[in-house]
Amino acid sequence: MDNGEIESADEEMPSRGGRQYRPVVSHEQSIVQMTSMESGPPTEIAKHRKIRIPSQSENVPNPMEGPSNGHDELNSSQRESKLELFGFDSLVNKLGLKSMTGEQIATPSSPRDGEDISITIGSPKVAGPKLGTMMGVFVPCLQNILGIIYYIRFSWIVGMAGIGESLLLVAFCGSCTFLTGISLSAIATNGAMKGGGPYYLIGRALGPEVGVSIGLCFFLGNAVAGAMYVLGAVETFLDAVPNSVILVTNSTATNGTISEVTTIVYTPSLHDLQVYGIIVTILLCFIVFGGVKIINRVAPAFLIPVLFSLFCIFIGVFSAPRSNASSGITGLRSQTFKDNWSSAYQRTTNAGIPDAEGPIYWNFNALVGLFFPAVTGIMAGSNRSASLKDTQRSIPVGTLAATLTTSFLYLISVLLFGALATREELLTNRLLTAEVAWPLPAIIYLGIVLSTLGAALQTLTGAPRLLSAIANDDILPVLNYFKVTEGGEPHLATLFTAFICIVCVVIGNLDLITPTITMFFLLCYAGVNLSCFLLDLLDAPSWRPRWKFHHWILSLLGALICVVIMFLISWSFTVVSLALASLIYYYVIIKGKAGDWGDGFKSAYFQLALRSLRSLGANQVHPKNWYPIPLIFCRPWGKLPENVPCHPKLADFANCMKKKGRGMSIFVSIIDGDYHELAEDAKTACRQLSTYIDYKRCEGVAEIVVAPTMSDGFRGIVQTMGLGNLKPNIVVMRYPEIWRRENLTQIPSTFVSIINDCIIANKAVVIVKGLDEWPGEYQRQFGTIDLYWIVRDGGLMLLLSQLLLTKESFESCKIQVFCIAEEDTEAEELKADVKKFLYDLRMQAEVIVVTMKSWESHVDTGVQQDDSVEAFTGAQRRIASYLADMKETARKEGKPLMADGKQVVVNEQQVDKFLYTTLKLNSTVLRYSRMAAVVLVSLPPPPLNHPAYFYMEYMDLLVENVPRMLIVRGYRRDVVTLFT
């Protein structure tokens, strides 16, 4: 983790009261060896404290224990769960951290999304070398942004628009990509990414229909961009090697607004561009068929000529002679700068040569369409997400750095080109950059050809993989032909991409191709901005991007700029592109397969109750759309002041479980008696409770149930409360601390019955101990929030800690996650797994692993916490007395052992085993978390066939001397996810 690492120290930990704790042989001090549990002869220990602890040979199976993991019987018997009191699978096994998502619902997702929310168990797959920010994101983005437009069109744009409007043009287009980069950074850092680049992000944010429609348009844009790069390379080559042309076309510029002299400009013919373009495309296609490894080795080398050529251009600009040269290059002169400040829009030929009778009239809108491809390429980093070491850091830094670098380069180039040459030279010399370059123009020609071919190679590599990613998601059956196996090459998709590229090359006009590319890229950028806008506006609990410099207003502004640019370029092209995307959208709806990707629209449904019920039905929700819907059990274990229907701090805690107060709570109370007699009383109590909820500013509803007993009333509530996915998923109640003090003998059976009902109904449980000391809204807490993460609970405990941090009272606290490893060898592996898991979940927490060699070995109680041991012996004594009374009653009545009106089976060894497990955990909590602001620990399920009184003793020992504790049990449903 980035913070919270415990400082390492080689010396032994200080002793206290004769107790010594020796560090485990580890690289980090946060893994603590509790050797105090192993010292001393076992017989002397038992004699000294008179504590009955089962030996290792007295293994008693736990009836709540689940099936084994399929290992051999010997290993299974040796590895019998030492945390069996908690009922769930132990968080730790010999493989490290278990999957928290193994029970994920089987929704019809994409084939590559099947493991969308799982953690790999066992040894990781051998992967190739990962790329950092520089080579993985910055360099590819820079290589895609800096291309043919800058070399052979940018000086022409300055001459046509003038310096002033050229600066405005660069700033306008650059702001669009910069805002899109911010939105991209936010979405890309909200979890792990898979293949597909922006398609993956948009699809997971706006749903598969929108994702597929925009993804296919983005694929077409990339395929057409390949043709643009090929034509640029061919045109540069023909200009550098005139003898290679087949046909030569002479273009004459006669626009009197520039010069009265007729200028003859030689340009390659359309047939030359077509022939050479087709040949180059076929050659590049063969290279792509060689595999991505060859491309990745060659691609970085293409950037070196580009950077060197840029250096030569700037050297040539500053070294150009300052004179009225007949060539039109005046050098950097203020008079030239003034002459070129204003615009000179006019008609040109298809090749861009000024001609008073030319077919094309240029204005600012048309130049936006021509220039915008020069700022695209910001998705190159996200397309390589699978090859990055740290996507959540590299994508934002690399993408935005490349965007700002190129925008600054363009702005400086506008000023330099505007002061370098006359307007006539800027408009007629298509390769002004080569003419002024130092020392030879050939360097620029070489740089242009290599950069454009490199960009074309990247496009012909990325576009087929984008199409294959869409096909592999199995949303559109018509795309099944382009599916590829894991690690396979998309040969058929490559051929299809090459076909589209050749069709565009046959068109041959670069200035007509670029607006088409602009539309598709703008549509994709608008989708990214809208995705971030929706996710940020909804602000679901799963929305926790590491990139904090974003806001939904910026995303909305970026989307609006994209739409404005589309209409500025051509309203007809805009309508066509939107119509194409809409057709694909509706085709996906009609013919596509359903999939739940946890997109932002589903979150919106949850905030609109009726729409969510109709859209989601009764299916289990995706973890990204999971909202806590707590059922607040207001029936107190004791008395409340008059006219106070709910414990005040319980209402405060209900607000702590919701991010920014969003979400619904259901406050429930039970009146004992007959419904026919107490119906009016129930209505009055419900109105009082509703008024109190409004007074406490809780978003929720009140319900009052009349039932013969509390157990019967709660059983009816847990089965029927809620509609569809708006059913409560967490039961929140106060811990009955008063049951022994006030001799409330009915509380144990009621308490155990409620917990068992929650388990059967698949509801999570949160029990608040120390509710009277729970902080109010403005009582700021300091210290730590400590999680004792023992069992796989779907991430509920982790999410609760994060929700607590969003409240003013806990925002100054730090989270500590304590994981208990059963063996010393598991400590390092477990800590690394947990830290990586928390990092992927975007959760800041310190990980501390406490190792214990054996939970069932005899313990030297002389080195335990004295208060814990006192509670342990007291519980053991009371249980023995209760058991003796049960046996005496059974003997007198001639019946089997009975408790709470039902037959029970008491295994005394297992009882001692449970008590010992609870003692060990309580002692650990008191040692490390006595000063914590709040402690979260897993709730053990009531053991089968044990008296409820025994379970209350276990629980009392667990919470002993801990002032404020949340006892949490998940429900085998995932509430957090790794992926965006």
# chains A, B, ... in the order shown; residues from 1 in each chain; ligands from 1
$ select_by_dssp --residues "range 733-932 of chain A" --states "alpha helix (DSSP H)" --output "count of residues only"
89
$ atom_distance --atom1 "CA of Phe371 in chain A" --atom2 "CA of Val528 in chain A"
20.8 Å
$ atom_distance --atom1 "CA of Leu796 in chain A" --atom2 "CA of Ile395 in chain A"
29.2 Å
$ residues_around --residues "range 669-679 of chain A" --least-positions-apart "5" --cutoff "10 Å" --atoms "only C-alpha atoms" --output "VMD selection string"
chain A and resid 632 to 636 645 to 646 684 to 686 689 702 to 714 717
$ residues_around --residues "range 584-587 of chain A" --least-positions-apart "2" --cutoff "10 Å" --atoms "only C-alpha atoms" --output "PyMOL selection string"
chain A and resi 208-214+216-217+476+578-582+589-592
$ write_last_selection --atoms "N, CA, C and O atoms" --output "PDB file, in the first residue's frame"
ATOM      1  N   PRO A 208     -23.875  -2.518 -22.481  1.00  0.00           N
ATOM      2  CA  PRO A 208     -23.368  -3.180 -23.679  1.00  0.00           C
ATOM      3  C   PRO A 208     -23.909  -2.590 -24.970  1.00  0.00           C
ATOM      4  O   PRO A 208     -23.194  -2.568 -25.982  1.00  0.00           O
ATOM      5  N   GLU A 209     -25.150  -2.098 -24.981  1.00  0.00           N
ATOM      6  CA  GLU A 209     -25.714  -1.548 -26.213  1.00  0.00           C
ATOM      7  C   GLU A 209     -24.932  -0.315 -26.667  1.00  0.00           C
ATOM      8  O   GLU A 209     -24.514  -0.204 -27.823  1.00  0.00           O
ATOM      9  N   VAL A 210     -24.735   0.627 -25.734  1.00  0.00           N
ATOM     10  CA  VAL A 210     -23.983   1.838 -26.064  1.00  0.00           C
ATOM     11  C   VAL A 210     -22.522   1.490 -26.342  1.00  0.00           C
ATOM     12  O   VAL A 210     -21.893   2.037 -27.255  1.00  0.00           O
ATOM     13  N   GLY A 211     -21.965   0.577 -25.553  1.00  0.00           N
ATOM     14  CA  GLY A 211     -20.566   0.209 -25.745  1.00  0.00           C
ATOM     15  C   GLY A 211     -20.294  -0.388 -27.107  1.00  0.00           C
ATOM     16  O   GLY A 211     -19.321  -0.037 -27.774  1.00  0.00           O
ATOM     17  N   VAL A 212     -21.167  -1.292 -27.550  1.00  0.00           N
ATOM     18  CA  VAL A 212     -20.961  -1.933 -28.852  1.00  0.00           C
ATOM     19  C   VAL A 212     -21.145  -0.927 -29.983  1.00  0.00           C
ATOM     20  O   VAL A 212     -20.362  -0.912 -30.947  1.00  0.00           O
ATOM     21  N   SER A 213     -22.159  -0.071 -29.887  1.00  0.00           N
ATOM     22  CA  SER A 213     -22.404   0.890 -30.971  1.00  0.00           C
ATOM     23  C   SER A 213     -21.252   1.873 -31.106  1.00  0.00           C
ATOM     24  O   SER A 213     -20.755   2.122 -32.215  1.00  0.00           O
ATOM     25  N   ILE A 214     -20.808   2.441 -29.996  1.00  0.00           N
ATOM     26  CA  ILE A 214     -19.683   3.380 -30.065  1.00  0.00           C
ATOM     27  C   ILE A 214     -18.393   2.632 -30.370  1.00  0.00           C
ATOM     28  O   ILE A 214     -17.521   3.145 -31.089  1.00  0.00           O
ATOM     29  N   LEU A 216     -17.931  -0.044 -32.270  1.00  0.00           N
ATOM     30  CA  LEU A 216     -17.836  -0.323 -33.704  1.00  0.00           C
ATOM     31  C   LEU A 216     -17.527   0.950 -34.489  1.00  0.00           C
ATOM     32  O   LEU A 216     -16.754   0.915 -35.462  1.00  0.00           O
ATOM     33  N   CYS A 217     -18.118   2.081 -34.088  1.00  0.00           N
ATOM     34  CA  CYS A 217     -17.783   3.340 -34.763  1.00  0.00           C
ATOM     35  C   CYS A 217     -16.323   3.701 -34.528  1.00  0.00           C
ATOM     36  O   CYS A 217     -15.642   4.197 -35.437  1.00  0.00           O
ATOM     37  N   LEU A 476     -23.121  -9.372 -30.093  1.00  0.00           N
ATOM     38  CA  LEU A 476     -23.698  -9.421 -31.435  1.00  0.00           C
ATOM     39  C   LEU A 476     -23.328 -10.739 -32.106  1.00  0.00           C
ATOM     40  O   LEU A 476     -22.146 -10.992 -32.375  1.00  0.00           O
ATOM     41  N   LEU A 578     -24.276   9.737 -36.070  1.00  0.00           N
ATOM     42  CA  LEU A 578     -25.206   9.440 -34.978  1.00  0.00           C
ATOM     43  C   LEU A 578     -26.259   8.423 -35.405  1.00  0.00           C
ATOM     44  O   LEU A 578     -26.655   7.557 -34.612  1.00  0.00           O
ATOM     45  N   ALA A 579     -26.687   8.531 -36.655  1.00  0.00           N
ATOM     46  CA  ALA A 579     -27.667   7.561 -37.160  1.00  0.00           C
ATOM     47  C   ALA A 579     -27.060   6.166 -37.217  1.00  0.00           C
ATOM     48  O   ALA A 579     -27.720   5.170 -36.866  1.00  0.00           O
ATOM     49  N   LEU A 580     -25.796   6.100 -37.642  1.00  0.00           N
ATOM     50  CA  LEU A 580     -25.122   4.800 -37.694  1.00  0.00           C
ATOM     51  C   LEU A 580     -24.999   4.203 -36.299  1.00  0.00           C
ATOM     52  O   LEU A 580     -25.281   3.009 -36.096  1.00  0.00           O
ATOM     53  N   ALA A 581     -24.590   5.030 -35.337  1.00  0.00           N
ATOM     54  CA  ALA A 581     -24.476   4.534 -33.964  1.00  0.00           C
ATOM     55  C   ALA A 581     -25.843   4.113 -33.423  1.00  0.00           C
ATOM     56  O   ALA A 581     -25.956   3.104 -32.710  1.00  0.00           O
ATOM     57  N   SER A 582     -26.882   4.866 -33.755  1.00  0.00           N
ATOM     58  CA  SER A 582     -28.229   4.520 -33.286  1.00  0.00           C
ATOM     59  C   SER A 582     -28.713   3.216 -33.893  1.00  0.00           C
ATOM     60  O   SER A 582     -29.340   2.392 -33.208  1.00  0.00           O
ATOM     61  N   ILE A 589     -29.972  -4.098 -29.266  1.00  0.00           N
ATOM     62  CA  ILE A 589     -31.136  -4.331 -28.415  1.00  0.00           C
ATOM     63  C   ILE A 589     -31.994  -5.478 -28.956  1.00  0.00           C
ATOM     64  O   ILE A 589     -32.485  -6.327 -28.203  1.00  0.00           O
ATOM     65  N   ILE A 590     -32.167  -5.501 -30.284  1.00  0.00           N
ATOM     66  CA  ILE A 590     -33.054  -6.494 -30.891  1.00  0.00           C
ATOM     67  C   ILE A 590     -32.382  -7.855 -31.010  1.00  0.00           C
ATOM     68  O   ILE A 590     -32.945  -8.884 -30.636  1.00  0.00           O
ATOM     69  N   LYS A 591     -31.155  -7.861 -31.528  1.00  0.00           N
ATOM     70  CA  LYS A 591     -30.471  -9.116 -31.837  1.00  0.00           C
ATOM     71  C   LYS A 591     -29.416  -9.515 -30.816  1.00  0.00           C
ATOM     72  O   LYS A 591     -28.982 -10.666 -30.799  1.00  0.00           O
ATOM     73  N   GLY A 592     -28.981  -8.561 -30.001  1.00  0.00           N
ATOM     74  CA  GLY A 592     -27.877  -8.838 -29.093  1.00  0.00           C
ATOM     75  C   GLY A 592     -28.292  -9.674 -27.903  1.00  0.00           C
ATOM     76  O   GLY A 592     -29.472  -9.850 -27.594  1.00  0.00           O
TER      77      GLY A 592
END
$ closest_residue --among "A:Ile294, A:Glu489, A:Ile502, A:Ile470" --to "Tyr276 in chain A" --atoms "only C-alpha atoms"
A:Ile502
$ residues_around --residues "Asn363 in chain A" --least-positions-apart "5" --cutoff "9 Å" --atoms "only C-alpha atoms" --output "VMD selection string"
chain A and resid 160 to 161 344 to 346 368
$ atom_distance --atom1 "CA of His550 in chain A" --atom2 "CA of Ser175 in chain A"
14.3 Å
$ closest_residue --among "A:Val484, A:Leu897, A:Ile315, A:Leu640" --to "Gly331 in chain A" --atoms "only C-alpha atoms"
A:Ile315
$ residues_around --residues "Phe337 in chain A" --least-positions-apart "4" --cutoff "12 Å" --atoms "only C-alpha atoms" --output "ChimeraX atom specification"
/A:158-159,162-164,330-333,341-342,414-423
$ closest_residue --among "A:Thr403, A:Ser166, A:Ser468, A:Thr917" --to "Thr180 in chain A" --atoms "only C-alpha atoms"
A:Thr403
$ residues_around --residues "Thr745 in chain A" --least-positions-apart "5" --cutoff "9 Å" --atoms "only C-alpha atoms" --output "PDB file with N, CA, C and O atoms, in the first residue's frame"
ATOM      1  N   TRP A 739     -28.201  -8.195  28.952  1.00  0.00           N
ATOM      2  CA  TRP A 739     -28.980  -9.409  29.197  1.00  0.00           C
ATOM      3  C   TRP A 739     -28.602 -10.080  30.514  1.00  0.00           C
ATOM      4  O   TRP A 739     -29.470 -10.550  31.267  1.00  0.00           O
ATOM      5  N   ARG A 740     -27.337 -10.114  30.866  1.00  0.00           N
ATOM      6  CA  ARG A 740     -26.948 -10.753  32.125  1.00  0.00           C
ATOM      7  C   ARG A 740     -27.113  -9.790  33.298  1.00  0.00           C
ATOM      8  O   ARG A 740     -27.514 -10.181  34.391  1.00  0.00           O
ATOM      9  N   TYR A 949     -27.857 -20.044  25.262  1.00  0.00           N
ATOM     10  CA  TYR A 949     -27.080 -19.480  26.364  1.00  0.00           C
ATOM     11  C   TYR A 949     -25.588 -19.613  26.101  1.00  0.00           C
ATOM     12  O   TYR A 949     -24.807 -18.690  26.399  1.00  0.00           O
TER      13      TYR A 949
END
$ closest_residue --among "A:Pro541, A:Val668, A:Ala442, A:Trp626" --to "Ser801 in chain A" --atoms "only C-alpha atoms"
A:Pro541
$ select_by_dssp --residues "range 334-462 of chain A" --states "strand (DSSP E or B)" --output "MDAnalysis selection string"
chainID A and resid 347:348 354 360:361 388 421
$ write_last_selection --atoms "N, CA and C atoms" --output "mmCIF file, in the first residue's frame"
data_model
loop_
_atom_site.group_PDB
_atom_site.id
_atom_site.type_symbol
_atom_site.label_atom_id
_atom_site.label_comp_id
_atom_site.auth_asym_id
_atom_site.auth_seq_id
_atom_site.Cartn_x
_atom_site.Cartn_y
_atom_site.Cartn_z
ATOM 1 N N ARG A 347 -10.990 29.643 -51.616
ATOM 2 C CA ARG A 347 -11.224 28.380 -52.300
ATOM 3 C C ARG A 347 -9.906 27.739 -52.686
ATOM 4 N N THR A 348 -9.898 26.405 -52.691
ATOM 5 C CA THR A 348 -8.711 25.652 -53.097
ATOM 6 C C THR A 348 -9.134 24.463 -53.925
ATOM 7 N N PRO A 354 -4.480 26.998 -53.438
ATOM 8 C CA PRO A 354 -5.399 28.122 -53.647
ATOM 9 C C PRO A 354 -5.784 28.280 -55.108
ATOM 10 N N ILE A 360 -13.494 23.633 -53.234
ATOM 11 C CA ILE A 360 -13.598 23.600 -51.768
ATOM 12 C C ILE A 360 -13.372 24.998 -51.226
ATOM 13 N N TYR A 361 -14.306 25.422 -50.380
ATOM 14 C CA TYR A 361 -14.125 26.698 -49.691
ATOM 15 C C TYR A 361 -13.846 26.405 -48.210
ATOM 16 N N LEU A 388 0.471 -2.966 -19.014
ATOM 17 C CA LEU A 388 0.993 -1.951 -18.110
ATOM 18 C C LEU A 388 1.217 -2.530 -16.718
ATOM 19 N N ALA A 421 7.316 32.477 -42.699
ATOM 20 C CA ALA A 421 7.162 32.553 -44.153
ATOM 21 C C ALA A 421 5.922 33.370 -44.506
#
$ closest_residue --among "A:Asn350, A:Gln746, A:Asn222, A:Asn756" --to "Leu460 in chain A" --atoms "only C-alpha atoms"
A:Asn222
$ closest_residue --among "A:Tyr735, A:Tyr916, A:Phe482, A:Trp789" --to "Ile820 in chain A" --atoms "only C-alpha atoms"
A:Trp789
